[in-house]
Amino acid sequence: MRRRASLVLLSLAVFCTALAPLLRWWMYPSFAKIPPGQYQEAVLEAKPATLLDYGTLTPRKVPRITIVQTLKGNVERSKEIEASAGRDVVVWDALSYMAGPDGKMVSAIPERYIFDAHTQDPVHATGEMVDGDPVRRTGIEFKWPFFTEPRDYLYFDAQTRTSAPIHYVGPRKFRGLDVYYYEQTIPWTKVPFPKKMPLPGFDASTIEKTFGTSRWYTTKRMFWVEPVTGAPVNGEEIHTEELRGGTLAANAPDQRLVVFDGHVKMREDYLRHTVDLVAANRIKVLALHTYAPVGSAVCGAVLLGLALWLEARGRRRDAACRPARDPAGEPVSAP
Amino acid sequence: MRALLAAATGLAAALLLVFLATAIGPPEPGTSPKPLLTTIPSAPGK
């Protein structure tokens with residue numbers, strides 16, 4: 001009976017020991033990926049902010065500007081791209097919708113971001129765009145890769161349609177989570193007008209030609225990134241936009257008319273929601289990457305030890321029970 | 001011999017489990033029916 005038990009334990013020990021590397025190097029790489037059908041929203045606010053009144057063409061202080069950012073995984077399109085790319089691909093259709101204090105639209109910028117579900121590397125396919133303009137991204141956007149490294153990354157800036165380094169500043173503690181803090185500053189850059197603006201009757205693509213006015217932008221972007229999931233738990237931007245020159249900014253000081261100026265922060269309820277979500281996902285990733293493989297290996301070692309101990313004990317007992325034999329090989333019997 | 005057979009059974013079970021789990025894969029729901037938001041939500045998910 002003991003022998004049978006030790007064989008079962010040996011079998012379980014091999015099962016657990018073999019499972020450990022298989023979980024870590026086979027299952028983790030195939031399971032740790034961004035789901036293609038993810039839907040996520042975030043609300044950011046600038047309180048107070050400066051906003052251009054397009055009716056009078058004068059900047060005015062407003063109590064609040066809200067930016068609603070939605071990311072929606074397009075599963076059908078990702079399957080189409082996967083068929084030709086031969087790897088797991090995520091297609092995010094995103095919308096940055098900026099609303100004034102009255103809730104009315106200030107700008108709405110759609111994006112399509114296509115990337116590798118495992119590595120976060122951009123995938124170039126038809127449809128990749130910002131505000132209808134085809135782009136070819138390098139680097140990351142919205143999210144960092146799993147097991148983010150404490151180093152600079154290339155981060156795509158949707159306004160300028162270019163990528164620039166986002167600098168690793170150092171580790172931080174954010175609401176109980178260990179995070180990496182990153183900063184990116186985009187210097188004053190001439191950028192296209194959003195196609196959707198509160199200017200009825202104006203074609204955004206011809207504003208510069210018609211009025212001789214251009215749009216400029218600068219921002220300091222800050223992210224607190226949870227390194228296991230690569231998910232930002234907080235994001236802030238100190239963002240300024242101006243109209244320069246031409247008819248529209250002719251009466252402004254230095255012909256520079258502030259369109260928007262504010263420090264954009266995540267709304268408190270979304271901050272709490274994001275921290276909870278990322279903390280839960282962190283445990284899931286670590287379970288597959290570390291906890292399960294290590295636990296399985298330890299379990300295998302313990303079971304193997306137990307199997308060997310049972311086997312040794314069984315053999316000792318067998319030896320003790322075996323009747324002694326004389327040198328001639330005959331069993332010794334009592335006189 | 002019996003020990004070898006037991007070890008082989010354990011190894012085969014581990015491989016089978018992992019290959020089966022990988023073949024089935026994680027559940028992948030389709031595209032969310034929710035729209036890209038053009039209104040300010042009152043709370044997350046609302």
# chains A, B, ... in the order shown; residues from 1 in each chain; ligands from 1

call {"tool": "interface_residues", "arguments": {"of": "chain A", "to": "chain B", "cutoff": "9 Å", "atoms": "only C-alpha atoms", "output": "ChimeraX atom specification"}}
result
/A:6-19,22-23,26-27,30-31,35-43,66-76,93-99,103-105,108,269-270,273

call {"tool": "atom_distance", "arguments": {"atom1": "atom CA of Phe174 of chain A", "atom2": "atom CA of Met222 of chain A"}}
result
13.2 Å

call {"tool": "residues_around", "arguments": {"residues": "Pro187 of chain A", "least_positions_apart": "6", "cutoff": "8 Å", "atoms": "only C-alpha atoms", "output": "PyMOL selection string"}}
result
chain A and resi 217-219

call {"tool": "write_last_selection", "arguments": {"atoms": "C-alpha atoms", "output": "PDB file, in the first residue's frame"}}
result
ATOM      1  CA  TYR A 217       0.584  73.308 -28.824  1.00  0.00           C
ATOM      2  CA  THR A 218       2.844  72.412 -25.912  1.00  0.00           C
ATOM      3  CA  THR A 219       2.341  69.920 -23.134  1.00  0.00           C
TER       4      THR A 219
END

call {"tool": "select_by_dssp", "arguments": {"residues": "chain B", "states": "helix (DSSP H, G or I)", "output": "PyMOL selection string"}}
result
chain B and resi 2-24

call {"tool": "write_last_selection", "arguments": {"atoms": "N, CA and C atoms", "output": "PDB file, in the first residue's frame"}}
result
ATOM      1  N   ARG B   2       8.205   0.607 -12.414  1.00  0.00           N
ATOM      2  CA  ARG B   2       6.928   1.208 -12.011  1.00  0.00           C
ATOM      3  C   ARG B   2       7.110   2.703 -11.714  1.00  0.00           C
ATOM      4  N   ALA B   3       8.270   3.012 -11.134  1.00  0.00           N
ATOM      5  CA  ALA B   3       8.576   4.418 -10.820  1.00  0.00           C
ATOM      6  C   ALA B   3       8.674   5.238 -12.114  1.00  0.00           C
ATOM      7  N   LEU B   4       9.310   4.651 -13.113  1.00  0.00           N
ATOM      8  CA  LEU B   4       9.469   5.323 -14.407  1.00  0.00           C
ATOM      9  C   LEU B   4       8.096   5.579 -15.047  1.00  0.00           C
ATOM     10  N   LEU B   5       7.241   4.587 -14.936  1.00  0.00           N
ATOM     11  CA  LEU B   5       5.888   4.697 -15.483  1.00  0.00           C
ATOM     12  C   LEU B   5       5.091   5.808 -14.760  1.00  0.00           C
ATOM     13  N   ALA B   6       5.254   5.862 -13.439  1.00  0.00           N
ATOM     14  CA  ALA B   6       4.557   6.892 -12.643  1.00  0.00           C
ATOM     15  C   ALA B   6       5.041   8.273 -13.050  1.00  0.00           C
ATOM     16  N   ALA B   7       6.361   8.437 -13.205  1.00  0.00           N
ATOM     17  CA  ALA B   7       6.936   9.729 -13.589  1.00  0.00           C
ATOM     18  C   ALA B   7       6.443  10.142 -14.976  1.00  0.00           C
ATOM     19  N   ALA B   8       6.408   9.167 -15.897  1.00  0.00           N
ATOM     20  CA  ALA B   8       5.945   9.449 -17.267  1.00  0.00           C
ATOM     21  C   ALA B   8       4.480   9.874 -17.267  1.00  0.00           C
ATOM     22  N   THR B   9       3.685   9.254 -16.389  1.00  0.00           N
ATOM     23  CA  THR B   9       2.261   9.622 -16.298  1.00  0.00           C
ATOM     24  C   THR B   9       2.128  11.067 -15.831  1.00  0.00           C
ATOM     25  N   GLY B  10       2.904  11.449 -14.817  1.00  0.00           N
ATOM     26  CA  GLY B  10       2.878  12.820 -14.299  1.00  0.00           C
ATOM     27  C   GLY B  10       3.267  13.828 -15.357  1.00  0.00           C
ATOM     28  N   LEU B  11       4.327  13.520 -16.094  1.00  0.00           N
ATOM     29  CA  LEU B  11       4.824  14.422 -17.146  1.00  0.00           C
ATOM     30  C   LEU B  11       3.774  14.562 -18.261  1.00  0.00           C
ATOM     31  N   ALA B  12       3.184  13.442 -18.654  1.00  0.00           N
ATOM     32  CA  ALA B  12       2.180  13.468 -19.724  1.00  0.00           C
ATOM     33  C   ALA B  12       0.963  14.288 -19.297  1.00  0.00           C
ATOM     34  N   ALA B  13       0.555  14.133 -18.037  1.00  0.00           N
ATOM     35  CA  ALA B  13      -0.607  14.890 -17.539  1.00  0.00           C
ATOM     36  C   ALA B  13      -0.330  16.389 -17.560  1.00  0.00           C
ATOM     37  N   ALA B  14       0.894  16.771 -17.162  1.00  0.00           N
ATOM     38  CA  ALA B  14       1.258  18.200 -17.152  1.00  0.00           C
ATOM     39  C   ALA B  14       1.246  18.769 -18.569  1.00  0.00           C
ATOM     40  N   LEU B  15       1.839  18.023 -19.498  1.00  0.00           N
ATOM     41  CA  LEU B  15       1.887  18.483 -20.899  1.00  0.00           C
ATOM     42  C   LEU B  15       0.477  18.586 -21.480  1.00  0.00           C
ATOM     43  N   LEU B  16      -0.340  17.577 -21.181  1.00  0.00           N
ATOM     44  CA  LEU B  16      -1.713  17.566 -21.692  1.00  0.00           C
ATOM     45  C   LEU B  16      -2.497  18.772 -21.181  1.00  0.00           C
ATOM     46  N   LEU B  17      -2.355  19.038 -19.884  1.00  0.00           N
ATOM     47  CA  LEU B  17      -3.078  20.164 -19.275  1.00  0.00           C
ATOM     48  C   LEU B  17      -2.691  21.489 -19.934  1.00  0.00           C
ATOM     49  N   VAL B  18      -1.382  21.675 -20.095  1.00  0.00           N
ATOM     50  CA  VAL B  18      -0.899  22.952 -20.640  1.00  0.00           C
ATOM     51  C   VAL B  18      -1.294  23.104 -22.116  1.00  0.00           C
ATOM     52  N   PHE B  19      -1.135  22.049 -22.891  1.00  0.00           N
ATOM     53  CA  PHE B  19      -1.474  22.143 -24.313  1.00  0.00           C
ATOM     54  C   PHE B  19      -2.980  22.356 -24.508  1.00  0.00           C
ATOM     55  N   LEU B  20      -3.753  21.694 -23.657  1.00  0.00           N
ATOM     56  CA  LEU B  20      -5.210  21.833 -23.738  1.00  0.00           C
ATOM     57  C   LEU B  20      -5.628  23.271 -23.387  1.00  0.00           C
ATOM     58  N   ALA B  21      -5.047  23.789 -22.300  1.00  0.00           N
ATOM     59  CA  ALA B  21      -5.381  25.161 -21.869  1.00  0.00           C
ATOM     60  C   ALA B  21      -4.970  26.173 -22.930  1.00  0.00           C
ATOM     61  N   THR B  22      -3.801  25.938 -23.557  1.00  0.00           N
ATOM     62  CA  THR B  22      -3.339  26.860 -24.595  1.00  0.00           C
ATOM     63  C   THR B  22      -4.236  26.768 -25.836  1.00  0.00           C
ATOM     64  N   ALA B  23      -4.636  25.543 -26.161  1.00  0.00           N
ATOM     65  CA  ALA B  23      -5.493  25.365 -27.349  1.00  0.00           C
ATOM     66  C   ALA B  23      -6.848  26.033 -27.151  1.00  0.00           C
ATOM     67  N   ILE B  24      -7.398  25.894 -25.945  1.00  0.00           N
ATOM     68  CA  ILE B  24      -8.701  26.530 -25.675  1.00  0.00           C
ATOM     69  C   ILE B  24      -8.519  28.046 -25.585  1.00  0.00           C
TER      70      ILE B  24
END

call {"tool": "residues_around", "arguments": {"residues": "Ala297 of chain A", "least_positions_apart": "3", "cutoff": "7 Å", "atoms": "only C-alpha atoms", "output": "ChimeraX atom specification"}}
result
/A:16-17,20,293-294,300-301

call {"tool": "residues_around", "arguments": {"residues": "Gly230 of chain A", "least_positions_apart": "2", "cutoff": "12 Å", "atoms": "only C-alpha atoms", "output": "JSON, numbers by chain"}}
result
{"A": [32, 33, 34, 118, 119, 120, 140, 141, 142, 143, 144, 145, 146, 147, 148, 149, 150, 178, 179, 180, 181, 223, 224, 225, 226, 227, 228, 232, 233, 234, 278, 279, 281, 282, 285]}

call {"tool": "select_by_dssp", "arguments": {"residues": "segment 113-212 of chain A", "states": "strand (DSSP E or B)", "output": "PyMOL selection string"}}
result
chain A and resi 113-116+122+129-130+133-134+140-141+143+153-157+162-174+177-191

call {"tool": "write_last_selection", "arguments": {"atoms": "N, CA and C atoms", "output": "CSV table (one decimal), in the first residue's frame"}}
result
chain,number,residue,atom,x,y,z
A,113,TYR,N,-5.5,52.9,-33.0
A,113,TYR,CA,-4.2,52.5,-32.6
A,113,TYR,C,-4.1,50.9,-32.7
A,114,ILE,N,-3.2,50.4,-33.5
A,114,ILE,CA,-3.0,49.0,-33.7
A,114,ILE,C,-1.7,48.5,-33.1
A,115,PHE,N,-1.7,47.5,-32.3
A,115,PHE,CA,-0.5,47.1,-31.6
A,115,PHE,C,-0.5,45.6,-31.3
A,116,ASP,N,0.7,45.1,-31.1
A,116,ASP,CA,0.9,43.7,-30.7
A,116,ASP,C,0.3,43.4,-29.3
A,122,PRO,N,3.9,48.7,-32.0
A,122,PRO,CA,2.9,49.1,-33.0
A,122,PRO,C,2.9,48.1,-34.2
A,129,MET,N,-4.7,55.7,-37.7
A,129,MET,CA,-4.9,57.1,-37.9
A,129,MET,C,-5.1,57.9,-36.6
A,130,VAL,N,-5.0,59.2,-36.8
A,130,VAL,CA,-5.3,60.2,-35.8
A,130,VAL,C,-6.2,61.3,-36.5
A,133,ASP,N,-6.3,61.4,-40.2
A,133,ASP,CA,-5.0,61.5,-40.9
A,133,ASP,C,-4.3,60.1,-40.7
A,134,PRO,N,-3.8,59.5,-41.8
A,134,PRO,CA,-3.1,58.2,-41.6
A,134,PRO,C,-1.7,58.5,-40.9
A,140,ILE,N,5.1,53.6,-27.9
A,140,ILE,CA,3.9,53.1,-27.3
A,140,ILE,C,2.9,54.3,-27.2
A,141,GLU,N,1.6,54.0,-26.9
A,141,GLU,CA,0.6,55.0,-26.6
A,141,GLU,C,-0.4,54.4,-25.6
A,143,LYS,N,-0.6,52.8,-23.0
A,143,LYS,CA,-0.2,51.8,-22.1
A,143,LYS,C,1.2,51.4,-22.3
A,153,TYR,N,11.0,55.4,-22.7
A,153,TYR,CA,10.3,54.8,-23.8
A,153,TYR,C,10.0,55.8,-24.9
A,154,LEU,N,9.7,55.4,-26.1
A,154,LEU,CA,9.2,56.3,-27.1
A,154,LEU,C,7.7,56.4,-27.0
A,155,TYR,N,7.2,57.5,-26.9
A,155,TYR,CA,5.7,57.7,-26.6
A,155,TYR,C,5.1,58.5,-27.8
A,156,PHE,N,4.0,58.0,-28.3
A,156,PHE,CA,3.4,58.7,-29.5
A,156,PHE,C,2.5,59.8,-29.0
A,157,ASP,N,2.7,61.0,-29.6
A,157,ASP,CA,1.9,62.2,-29.3
A,157,ASP,C,0.9,62.4,-30.4
A,162,THR,N,3.8,62.5,-33.9
A,162,THR,CA,5.1,62.0,-33.9
A,162,THR,C,5.4,61.3,-32.5
A,163,SER,N,6.5,60.6,-32.5
A,163,SER,CA,6.9,60.0,-31.2
A,163,SER,C,8.1,60.7,-30.7
A,164,ALA,N,8.2,60.7,-29.3
A,164,ALA,CA,9.3,61.4,-28.7
A,164,ALA,C,9.6,60.6,-27.4
A,165,PRO,N,10.8,60.7,-26.8
A,165,PRO,CA,11.0,59.9,-25.6
A,165,PRO,C,10.2,60.4,-24.4
A,166,ILE,N,9.7,59.5,-23.7
A,166,ILE,CA,9.0,59.8,-22.4
A,166,ILE,C,10.0,59.3,-21.3
A,167,HIS,N,10.5,60.2,-20.5
A,167,HIS,CA,11.6,59.9,-19.6
A,167,HIS,C,11.1,59.3,-18.3
A,168,TYR,N,11.9,58.2,-17.9
A,168,TYR,CA,11.7,57.6,-16.6
A,168,TYR,C,12.3,58.5,-15.6
A,169,VAL,N,11.5,58.9,-14.6
A,169,VAL,CA,12.0,59.9,-13.6
A,169,VAL,C,12.4,59.1,-12.3
A,170,GLY,N,11.6,58.1,-11.9
A,170,GLY,CA,12.0,57.3,-10.7
A,170,GLY,C,10.8,56.6,-10.2
A,171,PRO,N,11.1,55.7,-9.2
A,171,PRO,CA,9.9,55.0,-8.6
A,171,PRO,C,9.1,55.9,-7.7
A,172,ARG,N,7.8,55.6,-7.6
A,172,ARG,CA,7.0,56.4,-6.7
A,172,ARG,C,6.0,55.4,-6.0
A,173,LYS,N,5.4,55.9,-4.9
A,173,LYS,CA,4.3,55.1,-4.3
A,173,LYS,C,3.0,55.8,-4.6
A,174,PHE,N,2.1,55.2,-5.2
A,174,PHE,CA,0.8,55.8,-5.6
A,174,PHE,C,-0.4,55.0,-5.0
A,177,LEU,N,0.3,51.5,-4.3
A,177,LEU,CA,1.0,50.7,-5.4
A,177,LEU,C,2.4,51.2,-5.7
A,178,ASP,N,3.3,50.3,-5.9
A,178,ASP,CA,4.6,50.7,-6.4
A,178,ASP,C,4.6,51.0,-7.8
A,179,VAL,N,4.9,52.2,-8.2
A,179,VAL,CA,4.8,52.6,-9.7
A,179,VAL,C,6.0,53.3,-10.2
A,180,TYR,N,6.1,53.4,-11.5
A,180,TYR,CA,7.2,54.1,-12.1
A,180,TYR,C,6.6,55.4,-12.6
A,181,TYR,N,7.4,56.5,-12.4
A,181,TYR,CA,6.9,57.8,-12.8
A,181,TYR,C,7.6,58.3,-14.1
A,182,TYR,N,6.8,58.7,-15.1
A,182,TYR,CA,7.4,59.1,-16.4
A,182,TYR,C,6.9,60.5,-16.8
A,183,GLU,N,7.8,61.2,-17.5
A,183,GLU,CA,7.4,62.6,-17.9
A,183,GLU,C,7.9,62.8,-19.4
A,184,GLN,N,7.0,63.5,-20.1
A,184,GLN,CA,7.4,63.9,-21.5
A,184,GLN,C,7.0,65.3,-21.7
A,185,THR,N,7.9,66.1,-22.2
A,185,THR,CA,7.5,67.5,-22.6
A,185,THR,C,7.6,67.7,-24.1
A,186,ILE,N,6.5,68.1,-24.6
A,186,ILE,CA,6.4,68.4,-26.1
A,186,ILE,C,6.6,69.9,-26.2
A,187,PRO,N,7.7,70.4,-26.8
A,187,PRO,CA,7.9,71.9,-26.9
A,187,PRO,C,6.8,72.4,-27.8
A,188,TRP,N,6.7,73.8,-27.9
A,188,TRP,CA,5.8,74.4,-28.8
A,188,TRP,C,6.0,73.8,-30.2
A,189,THR,N,4.9,73.3,-30.7
A,189,THR,CA,4.9,72.7,-32.1
A,189,THR,C,3.7,73.1,-32.8
A,190,LYS,N,3.8,73.3,-34.1
A,190,LYS,CA,2.6,73.6,-34.9
A,190,LYS,C,1.9,72.3,-35.2
A,191,VAL,N,0.6,72.3,-34.9
A,191,VAL,CA,-0.2,71.1,-35.1
A,191,VAL,C,-1.4,71.4,-36.0

call {"tool": "residues_around", "arguments": {"residues": "Pro63 of chain A", "least_positions_apart": "4", "cutoff": "9 Å", "atoms": "only C-alpha atoms", "output": "list in words"}}
result
Ala46, Lys47, Pro48, Ala49, Thr50 and Pro101 of chain A

call {"tool": "residues_around", "arguments": {"residues": "Trp309 of chain A", "least_positions_apart": "3", "cutoff": "12 Å", "atoms": "only C-alpha atoms", "output": "list in words"}}
result
Arg2, Arg3, Ala5, Ser6, Leu7, Leu9, Leu10, Val302, Leu303, Leu304, Gly305, Leu306, Ala312, Arg313, Gly314, Arg315 and Arg316 of chain A

call {"tool": "atom_distance", "arguments": {"atom1": "atom CA of Ile207 of chain A", "atom2": "atom CA of Gly100 of chain A"}}
result
21.7 Å
